[in-house]
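Worksheet for the structure shown next.
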Amino acid sequence: MAGHDITRNEFMLTGSLAKCGYDWWWHSFTARHAVTGEEKPFFIEFFTCNPALGKDEPILGQLPENKAKGIRPSYLMVKVGTWGAEHFQLHKFVGWNNVKMHGKAPFWIKAENCFLSETETEGSVCITEAEEHPEWMCDNGEISWNLKIDKQIAFNVGYGASKPLREAKAFEMYWHAEGIKTQYSGTVICNGEEYVVTPETSYGYADKNWGRDFTSPWVWLASCNLTSRRTRKKLENTAFDIGGGCPKIYALALDRKLLGCICYEGRTYEFNFSKFWTMSKTEFAFRESIHKVYWKVRQETATNVMLTEIECKKENMLLINYEAPDGQKRHNRLWNGGNGKGRIRLYKKSSKGLILIDDMDAENVGCEYGEYDD
């Protein structure tokens, strides 16, 4: 489960996915203001869409004339942003003829002044007229960055993203998390303010998704900043990751299924519905109050149980925007945050009942939930 596999980070838009597919690499982390020490979470994503339809200029699916003609989008979108009280998301679109890439492992991609590889990323995005261009699906702001990337703990979901199933294009949405604990180092300039990223307090995360469409519901929870309630000590070699919602294989929808794992001080516990012999089961719920959103997840196998409860303030979150490769924007209330908090309880099953392995507080939690519009 914890095996690193950078071949799953390769560029996947071949065959039918080249004309109707997306592939993205996501990175999120926490930085601190260079003067005040204020903590601020950021994200950087390289999102690719429909390369076989590409031209010199990006093709935007939400542009009214493109929507009217049913023209599919095609571009590299560099998506950057920040969470917290002053949250925003920025989108830089680049036409495919202006993108350079090494698609095989070790992967890298470059467009204009933005670059991403397995070990580093740099670039800048500045948006000043977003209100006049709703097809950009973003806000105004400016972010530049220069970061080193050290992916330390992976979540390899196994057969679901194996080479045969990748080549068969069997799933509508694939997932691989090469860095559920990732240490970042470097600097970020956000609207003129400098933030410093240090490895030990970056609480970073890195994964990728690809496929023909997104999932609904869409669930994601992850953190590597966990503290034991039993010992009151920081768990330096622990990270958890939960994702999924309603995976589809060919035309079959596997309703309300999640993939999840926790690497607890070097020992891994996996909750993976594709490994049927583990008798994995999942229940999850999401709700909103006026000021917060809440997740509850119960996962179990024949040997273990994990209970996860996370909350995040709405004022710190984004309604994050994506359009699908067919040009439709079905997710219009996709909550996305980077500073959730909560509690995780991990148990071992025994003939006498559940035995607590640890009870943990989780901070700097990446969190997401959304469902398609009716």
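Here's how to read the names in the structure tokens: chain A, B, ... by the order shown, residue numbers from 1 in each chain, ligand numbers from 1 in the order shown.
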Exercise for the section: Using only C-alpha atoms, determine which residues lie at most 12 Å from Trp108 of chain A, disregarding the query and same-chain residues fewer than 5 positions distant; provide the list as a PyMOL selection string. Expected result: chain A and resi 6+9-11+25+46+99-103+114-122
Using only C-alpha atoms, what table do you get, as CSV, when you list each residue of segment 253-321 of chain A with an atom no more than 12 Å from segment 152-176 of chain A, its nearest pair of atoms, and their distance in Å rounded to one decimal, rows by chain then rising number?
```
residue,atom,partner,partner_atom,distance
A:Ala253,CA,A:Glu172,CA,9.6
A:Leu254,CA,A:Phe171,CA,10.6
A:Leu258,CA,A:Val157,CA,10.8
A:Leu259,CA,A:Val157,CA,7.4
A:Gly260,CA,A:Phe155,CA,8.4
A:Cys261,CA,A:Phe155,CA,7.1
A:Ile262,CA,A:Phe155,CA,8.7
A:Cys263,CA,A:Ile153,CA,7.9
A:Tyr264,CA,A:Ile153,CA,10.8
A:Glu265,CA,A:Ile153,CA,10.9
A:Gly266,CA,A:Ile153,CA,9.2
A:Arg267,CA,A:Ile153,CA,11.1
A:Thr268,CA,A:Phe155,CA,9.5
A:Tyr269,CA,A:Phe155,CA,10.5
A:Glu270,CA,A:Val157,CA,9.0
A:Phe271,CA,A:Val157,CA,9.6
A:Asn272,CA,A:Val157,CA,7.4
A:Phe273,CA,A:Gly160,CA,9.6
A:Ser274,CA,A:Gly160,CA,6.7
A:Lys275,CA,A:Tyr159,CA,8.2
A:Phe276,CA,A:Tyr159,CA,11.3
```
Problem - Within 7 Å of Ile59 of chain A using only C-alpha atoms, minus same-chain residues under 5 positions, as an NGL selection string - result: :A and (73-75)
Emit the selected residues as an mmCIF file, in the first residue's frame, including N, CA and C atoms.
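Output file part04.cif is given in full below:
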```cif
data_model
loop_
_atom_site.group_PDB
_atom_site.id
_atom_site.type_symbol
_atom_site.label_atom_id
_atom_site.label_comp_id
_atom_site.auth_asym_id
_atom_site.auth_seq_id
_atom_site.Cartn_x
_atom_site.Cartn_y
_atom_site.Cartn_z
ATOM 1 N N PRO A 73 -13.187 21.774 -24.110
ATOM 2 C CA PRO A 73 -12.016 22.552 -23.687
ATOM 3 C C PRO A 73 -10.720 21.821 -24.015
ATOM 4 N N SER A 74 -9.648 22.586 -24.093
ATOM 5 C CA SER A 74 -8.322 22.011 -24.319
ATOM 6 C C SER A 74 -7.276 23.003 -23.843
ATOM 7 N N TYR A 75 -6.453 22.591 -22.879
ATOM 8 C CA TYR A 75 -5.459 23.502 -22.306
ATOM 9 C C TYR A 75 -4.656 22.802 -21.214
#
```
Practice task
Name the residues in contact with Tyr195 of chain A at a cut-off of 10 Å, using only C-alpha atoms, excluding same-chain residues fewer than 3 positions from it; report them as JSON, numbers by chain.
Solution key: {"A": [30, 31, 32, 33, 34, 35, 36, 37, 38, 39, 40, 145, 186, 187, 188, 189, 190, 192, 198]}
Handout entry: Counting only C-alpha atoms, the residue of A:Trp335, A:Trp24, A:Phe29, A:Phe47 that sits nearest Thr182 of chain A
Key =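 Checking each candidate against Thr182 of chain A, we get A:Phe29 as the closest.
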Handout entry: DSSP strand (DSSP E) selection over segment 153-279 of chain A, as a PyMOL selection string
Key = chain A and resi 153-155+173-190+193-197+204-211+218-223+225-228+239-245+248-249+252-253+257-264+267-272
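Within the 8 Å cut-off around Tyr369 of chain A, using only C-alpha atoms and omitting residues fewer than 6 positions from it on the same chain, the listed residues are Pro217, Trp218, Val219, Trp220, Phe286, Leu334, Trp335 and Asn336 of chain A.
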Exercise for the section: Find the residues around Ala18 of chain A up to 12 Å (only C-alpha atoms counted), leave out those fewer than 4 positions away in its own chain, and share them as a ChimeraX atom specification. Expected result: /A:11-14,22-23,48-54,72-75,96,169,210-212,325-326
Handout entry: For Gly84 of chain A: contacts at 10 Å, only C-alpha atoms, fewer than 3 positions along chain excluded, given as a list in words
Key =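 Residues near the query, excluding close chain neighbours: Glu39, Lys40, Pro41, Phe42, His87, Phe88, Lys313, Lys314, Glu315, Asn316, Met317, Leu318, Gly337, Gly338 and Asn339 of chain A.
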Serialized selection, C-alpha atoms, as an mmCIF file, in the first residue's frame:
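That gives us part36.cif:
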```cif
data_model
loop_
_atom_site.group_PDB
_atom_site.id
_atom_site.type_symbol
_atom_site.label_atom_id
_atom_site.label_comp_id
_atom_site.auth_asym_id
_atom_site.auth_seq_id
_atom_site.Cartn_x
_atom_site.Cartn_y
_atom_site.Cartn_z
ATOM 1 C CA GLU A 39 0.341 30.322 9.146
ATOM 2 C CA LYS A 40 -1.237 30.142 5.699
ATOM 3 C CA PRO A 41 -2.071 27.098 3.541
ATOM 4 C CA PHE A 42 -1.567 27.085 -0.241
ATOM 5 C CA HIS A 87 -8.976 32.648 0.219
ATOM 6 C CA PHE A 88 -8.916 32.675 -3.566
ATOM 7 C CA LYS A 313 -14.927 26.678 8.796
ATOM 8 C CA LYS A 314 -16.700 27.799 5.633
ATOM 9 C CA GLU A 315 -15.016 31.201 5.838
ATOM 10 C CA ASN A 316 -11.657 29.454 5.301
ATOM 11 C CA MET A 317 -12.779 27.370 2.316
ATOM 12 C CA LEU A 318 -13.250 27.689 -1.431
ATOM 13 C CA GLY A 337 -10.222 23.511 2.283
ATOM 14 C CA GLY A 338 -6.710 23.122 3.646
ATOM 15 C CA ASN A 339 -7.027 23.872 7.345
#
```
Exercise for the section: Would you list, as an NGL selection string, the residues of segment 12-149 of chain A that end up in helix (DSSP H, G or I) under DSSP run on this structure's backbone? Expected result: :A and (15-18 or 51-53 or 64-69 or 96-98 or 130-132 or 134-136)
Generate a file of the selected residues that holds C-alpha atoms, formatted as a CSV table (one decimal), in the first residue's frame.
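Below you can see out.csv, which holds the result:
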```csv
chain,number,residue,atom,x,y,z
A,15,GLY,CA,-5.9,6.9,-26.7
A,16,SER,CA,-9.5,8.0,-26.1
A,17,LEU,CA,-8.5,10.2,-23.1
A,18,ALA,CA,-6.5,12.4,-25.4
A,51,PRO,CA,-4.4,17.5,-25.5
A,52,ALA,CA,-5.4,16.1,-28.9
A,53,LEU,CA,-7.7,19.1,-29.5
A,64,PRO,CA,-20.5,31.1,-24.2
A,65,GLU,CA,-19.8,30.6,-27.9
A,66,ASN,CA,-17.9,27.4,-27.2
A,67,LYS,CA,-20.8,26.1,-25.0
A,68,ALA,CA,-23.3,27.0,-27.7
A,69,LYS,CA,-21.3,25.0,-30.3
A,96,TRP,CA,-1.1,22.9,-25.9
A,97,ASN,CA,1.3,24.1,-28.6
A,98,ASN,CA,3.1,26.1,-25.9
A,130,ALA,CA,-11.5,37.7,-13.5
A,131,GLU,CA,-14.8,39.5,-13.0
A,132,GLU,CA,-14.9,40.3,-16.7
A,134,PRO,CA,-16.4,34.1,-15.9
A,135,GLU,CA,-15.1,31.5,-18.3
A,136,TRP,CA,-11.8,31.7,-16.3
```
Practice task
Could you check which of A:Ser350, A:Asn304, A:Gln328, A:Asn191 is closest to Cys20 of chain A, using only C-alpha atoms?
Solution key: A:Gln328
